[in-house]
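S.K.: Dropping a structure here in structure tokens format, bear with me for questions.
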Amino acid sequence: MGRRILLLGPPGSGKGTQAELLCKALGIPHVSTGVMLRDHVARGTDLGKRAKATMDAGDLVSDEIVVAMVEERLATADASCGFLLDGFPRTRPQAEALDEVAGRDALDAVVVIEVPEAELVARALARGRSDDTAETVAKRFAVYRTQTEPLIAYYRDSARPVVTVDGVGEILDVLSRIVAVLAS
Ligand code: ADP
């Protein structure tokens with residue numbers, strides 16, 4: 001089973017939850033730019049101070065910042081036998097930067113979690129994370145559709161191993177589906 005995995009999915013697809021469970025199951029590090037950025041904000045670093053307003057608005061932090069963070073993370077020893085990228089890349093320049101840093105054949109699987117739009121909207125309304133205003137949620141969706149979703153075609157068109165998984169259902173059922181596609 002490939003151990004260099006990229007997880008893609010819209011906001012509310014359960015991507016972060018599945019990423020954590022998968023990393024535990026496979027024993028690979030969870031490389032989440034969202035987690036890393038929130039950690040910078042919590043620690044009050046310069047980077048965190050610069051990124052906070054952008055994140056609160058549902059906009060994307062600059063490619064330079066996230067690319068540098070991921071590059072540094074992938075260079076650490078524990079990422080040498082595998083990793084799961086979650087929330088990165090989110091833009092075409094980030095995907096191209098990853099290809100340069102890691103190589104075009106670096107990914108064993110690009111897993112796309114698919115959830116219908118109506119279900120995503122229902123989940124967003126039910127969840128209501130305190131830092132998520134309706135406006136921010138809508139903004140994140142729009143950013144995903146315009147900037148991140150096209151990466152699926154980018155990876156398909158360049159013959160990378162893209163697999164799709166139905167993200168509707170119980171958390172552990174979705175996890176089993178992902179494990180199954182990774183094993184096949
Ligand atoms: P979500 O809440 O959709 O799971 P994340 O936790 O992955 O999102 O990220 C939270 C915020 O951090 C994003 O809305 C964005 O502002 C910023 N961010 C995370 N990853 C990236 C990235 N790869 N490029 C630019 N901005 C990012």
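Numbering starts fresh at 1 for the residues of each chain in the structure tokens, the chains themselves are lettered A, B, ... in the order given, and ligands are numbered from 1 as they appear.
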Quick one: which chain A residues come within 6 Å of ligand 1, and what is the nearest atom pair for each with the distance in Å to one decimal, counting only C-alpha atoms and all ligand atoms, rows ordered by chain and ascending number, as JSON lines?
M.R.:
{"residue": "A:Pro11", "atom": "CA", "partner": "ligand 1", "partner_atom_place_in_ligand_line": "3 (O)", "distance": 4.3}
{"residue": "A:Thr33", "atom": "CA", "partner": "ligand 1", "partner_atom_place_in_ligand_line": "20 (N)", "distance": 4.4}
{"residue": "A:Gly34", "atom": "CA", "partner": "ligand 1", "partner_atom_place_in_ligand_line": "9 (O)", "distance": 3.6}
{"residue": "A:Val35", "atom": "CA", "partner": "ligand 1", "partner_atom_place_in_ligand_line": "6 (O)", "distance": 5.9}
{"residue": "A:Thr54", "atom": "CA", "partner": "ligand 1", "partner_atom_place_in_ligand_line": "16 (O)", "distance": 5.7}
{"residue": "A:Met55", "atom": "CA", "partner": "ligand 1", "partner_atom_place_in_ligand_line": "16 (O)", "distance": 3.5}
{"residue": "A:Gly58", "atom": "CA", "partner": "ligand 1", "partner_atom_place_in_ligand_line": "14 (O)", "distance": 4.6}
{"residue": "A:Asp59", "atom": "CA", "partner": "ligand 1", "partner_atom_place_in_ligand_line": "16 (O)", "distance": 4.8}
{"residue": "A:Leu60", "atom": "CA", "partner": "ligand 1", "partner_atom_place_in_ligand_line": "26 (N)", "distance": 3.7}
{"residue": "A:Val61", "atom": "CA", "partner": "ligand 1", "partner_atom_place_in_ligand_line": "26 (N)", "distance": 3.8}
{"residue": "A:Ser62", "atom": "CA", "partner": "ligand 1", "partner_atom_place_in_ligand_line": "25 (C)", "distance": 5.8}
{"residue": "A:Asp63", "atom": "CA", "partner": "ligand 1", "partner_atom_place_in_ligand_line": "24 (N)", "distance": 5.9}
{"residue": "A:Val66", "atom": "CA", "partner": "ligand 1", "partner_atom_place_in_ligand_line": "23 (N)", "distance": 5.7}
{"residue": "A:Gly87", "atom": "CA", "partner": "ligand 1", "partner_atom_place_in_ligand_line": "7 (O)", "distance": 4.4}
{"residue": "A:Phe88", "atom": "CA", "partner": "ligand 1", "partner_atom_place_in_ligand_line": "23 (N)", "distance": 4.0}
{"residue": "A:Pro89", "atom": "CA", "partner": "ligand 1", "partner_atom_place_in_ligand_line": "23 (N)", "distance": 5.0}
{"residue": "A:Arg90", "atom": "CA", "partner": "ligand 1", "partner_atom_place_in_ligand_line": "23 (N)", "distance": 4.7}
S.K.: Can you list, as a ChimeraX atom specification, every protein, DNA or RNA residue that comes within 8 Å of region 144-158 of chain A when you count only C-alpha atoms, leaving out same-chain residues fewer than 4 positions away?
M.R.: /A:9-11,89-92,95,110,112,140,162
S.K.: Filtering to N, CA and C atoms, could you give me those residues as a PDB file, in the first residue's frame?
M.R.:
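And here is the file that came out, out14.pdb:
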ATOM      1  N   GLY A   9     -10.632  17.208  -0.800  1.00  0.00           N
ATOM      2  CA  GLY A   9     -12.072  17.182  -0.588  1.00  0.00           C
ATOM      3  C   GLY A   9     -12.538  18.557  -0.177  1.00  0.00           C
ATOM      4  N   PRO A  10     -13.802  18.856  -0.432  1.00  0.00           N
ATOM      5  CA  PRO A  10     -14.327  20.186  -0.096  1.00  0.00           C
ATOM      6  C   PRO A  10     -14.421  20.392   1.414  1.00  0.00           C
ATOM      7  N   PRO A  11     -14.565  21.657   1.846  1.00  0.00           N
ATOM      8  CA  PRO A  11     -14.769  21.916   3.266  1.00  0.00           C
ATOM      9  C   PRO A  11     -16.022  21.167   3.725  1.00  0.00           C
ATOM     10  N   PRO A  89      -1.764  20.430  -1.592  1.00  0.00           N
ATOM     11  CA  PRO A  89      -1.905  21.760  -2.169  1.00  0.00           C
ATOM     12  C   PRO A  89      -3.372  22.180  -2.306  1.00  0.00           C
ATOM     13  N   ARG A  90      -3.580  23.484  -2.327  1.00  0.00           N
ATOM     14  CA  ARG A  90      -4.920  24.062  -2.483  1.00  0.00           C
ATOM     15  C   ARG A  90      -5.000  24.918  -3.730  1.00  0.00           C
ATOM     16  N   THR A  91      -3.875  25.157  -4.367  1.00  0.00           N
ATOM     17  CA  THR A  91      -3.850  25.965  -5.591  1.00  0.00           C
ATOM     18  C   THR A  91      -2.909  25.293  -6.593  1.00  0.00           C
ATOM     19  N   ARG A  92      -3.059  25.686  -7.855  1.00  0.00           N
ATOM     20  CA  ARG A  92      -2.182  25.135  -8.885  1.00  0.00           C
ATOM     21  C   ARG A  92      -0.696  25.434  -8.613  1.00  0.00           C
ATOM     22  N   ALA A  95       0.527  23.014  -6.103  1.00  0.00           N
ATOM     23  CA  ALA A  95       0.689  21.664  -6.653  1.00  0.00           C
ATOM     24  C   ALA A  95       1.979  21.573  -7.465  1.00  0.00           C
ATOM     25  N   VAL A 110      -3.728   9.964  -4.852  1.00  0.00           N
ATOM     26  CA  VAL A 110      -4.457  11.207  -4.624  1.00  0.00           C
ATOM     27  C   VAL A 110      -5.902  10.771  -4.350  1.00  0.00           C
ATOM     28  N   VAL A 112      -9.657  11.469  -3.419  1.00  0.00           N
ATOM     29  CA  VAL A 112     -10.653  12.542  -3.442  1.00  0.00           C
ATOM     30  C   VAL A 112     -11.892  12.078  -2.694  1.00  0.00           C
ATOM     31  N   ARG A 140     -15.162  29.839   1.798  1.00  0.00           N
ATOM     32  CA  ARG A 140     -14.302  28.642   1.701  1.00  0.00           C
ATOM     33  C   ARG A 140     -14.756  27.720   0.573  1.00  0.00           C
ATOM     34  N   VAL A 162      -5.148   9.005  -9.199  1.00  0.00           N
ATOM     35  CA  VAL A 162      -6.302   9.620  -8.530  1.00  0.00           C
ATOM     36  C   VAL A 162      -7.379   8.566  -8.267  1.00  0.00           C
TER      37      VAL A 162
END
S.K.: Using only C-alpha atoms, which protein or nucleic acid residues come within 12 Å of region 78-83 of chain A? Drop anything in the same chain fewer than 5 positions from it, and give the result as a PyMOL selection string.
M.R.: chain A and resi 1-7+19-20+22-24+26-32+70-73+102+106-109
S.K.: Might you pull out every residue within 12 Å of Ala124 (chain A), with only C-alpha atoms counted and same-chain residues fewer than 4 positions away left off, and present them as a list in words?
M.R.: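 So the residues in contact are Pro10, Pro11, Gly12, Ser13, Gly14, Glu117, Ala118, Glu119, Leu120, Gly128, Arg129, Ser130, Asp132, Thr133, Ala134, Glu135, Thr136, Val137, Ala138, Arg140 and Phe141 of chain A.
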S.K.: How would the residues just picked look written out with C-alpha atoms as a PDB file, in the first residue's frame?
M.R.:
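New file part.pdb:
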ATOM      1  CA  PRO A  10     -14.327  20.186  -0.096  1.00  0.00           C
ATOM      2  CA  PRO A  11     -14.769  21.916   3.266  1.00  0.00           C
ATOM      3  CA  GLY A  12     -17.053  19.697   5.332  1.00  0.00           C
ATOM      4  CA  SER A  13     -16.101  16.505   3.503  1.00  0.00           C
ATOM      5  CA  GLY A  14     -14.622  15.078   6.693  1.00  0.00           C
ATOM      6  CA  GLU A 117     -23.196  19.851  -2.430  1.00  0.00           C
ATOM      7  CA  ALA A 118     -26.559  19.571  -0.605  1.00  0.00           C
ATOM      8  CA  GLU A 119     -25.000  17.326   2.042  1.00  0.00           C
ATOM      9  CA  LEU A 120     -22.067  19.736   2.488  1.00  0.00           C
ATOM     10  CA  GLY A 128     -21.499  25.917  13.041  1.00  0.00           C
ATOM     11  CA  ARG A 129     -17.911  26.032  14.352  1.00  0.00           C
ATOM     12  CA  SER A 130     -17.667  29.241  16.374  1.00  0.00           C
ATOM     13  CA  ASP A 132     -17.216  29.938  11.004  1.00  0.00           C
ATOM     14  CA  THR A 133     -19.661  32.646  10.016  1.00  0.00           C
ATOM     15  CA  ALA A 134     -22.036  31.851   7.137  1.00  0.00           C
ATOM     16  CA  GLU A 135     -20.013  34.250   5.056  1.00  0.00           C
ATOM     17  CA  THR A 136     -16.721  32.509   5.825  1.00  0.00           C
ATOM     18  CA  VAL A 137     -18.218  29.109   5.053  1.00  0.00           C
ATOM     19  CA  ALA A 138     -19.516  30.368   1.693  1.00  0.00           C
ATOM     20  CA  ARG A 140     -14.302  28.642   1.701  1.00  0.00           C
ATOM     21  CA  PHE A 141     -16.634  26.758  -0.673  1.00  0.00           C
TER      22      PHE A 141
END
S.K.: Near Val181 (chain A), within 9 Å and counting only C-alpha atoms, which residues show up once chain neighbours fewer than 5 positions away are dropped, as a PyMOL selection string?
M.R.: chain A and resi 111+163-165+176
S.K.: Could you write out, as a list of chain:residue names, all the residues of region 36-118 of chain A that DSSP marks as strand (DSSP E or B)?
M.R.: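 Everything in region 36-118 of chain A that counts as strand (DSSP E or B) is A:Phe83, A:Leu84, A:Leu85, A:Asp86, A:Ala109, A:Val110, A:Val111, A:Val112, A:Ile113, A:Glu114.
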S.K.: Tell me, in Å to one decimal, how far CA of Arg50 (chain A) is from CA of Arg38 (chain A).
M.R.: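 CA of Arg38 (chain A) lies 11.7 Å from CA of Arg50 (chain A).
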S.K.: Could you check which of A:Lys49, A:Leu84, A:Asp105, A:Ala122 is closest to Ala25 (chain A), using only C-alpha atoms?
M.R.: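 Among A:Lys49, A:Leu84, A:Asp105, A:Ala122, it is A:Leu84 that comes nearest to Ala25 (chain A).
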S.K.: Looking at only C-alpha atoms, which of A:Thr76, A:Thr45, A:Thr17, A:Gln94 is the one that sits closest to Leu175 (chain A)?
M.R.: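 Nearest candidate to Leu175 (chain A) out of A:Thr76, A:Thr45, A:Thr17, A:Gln94: A:Thr17.
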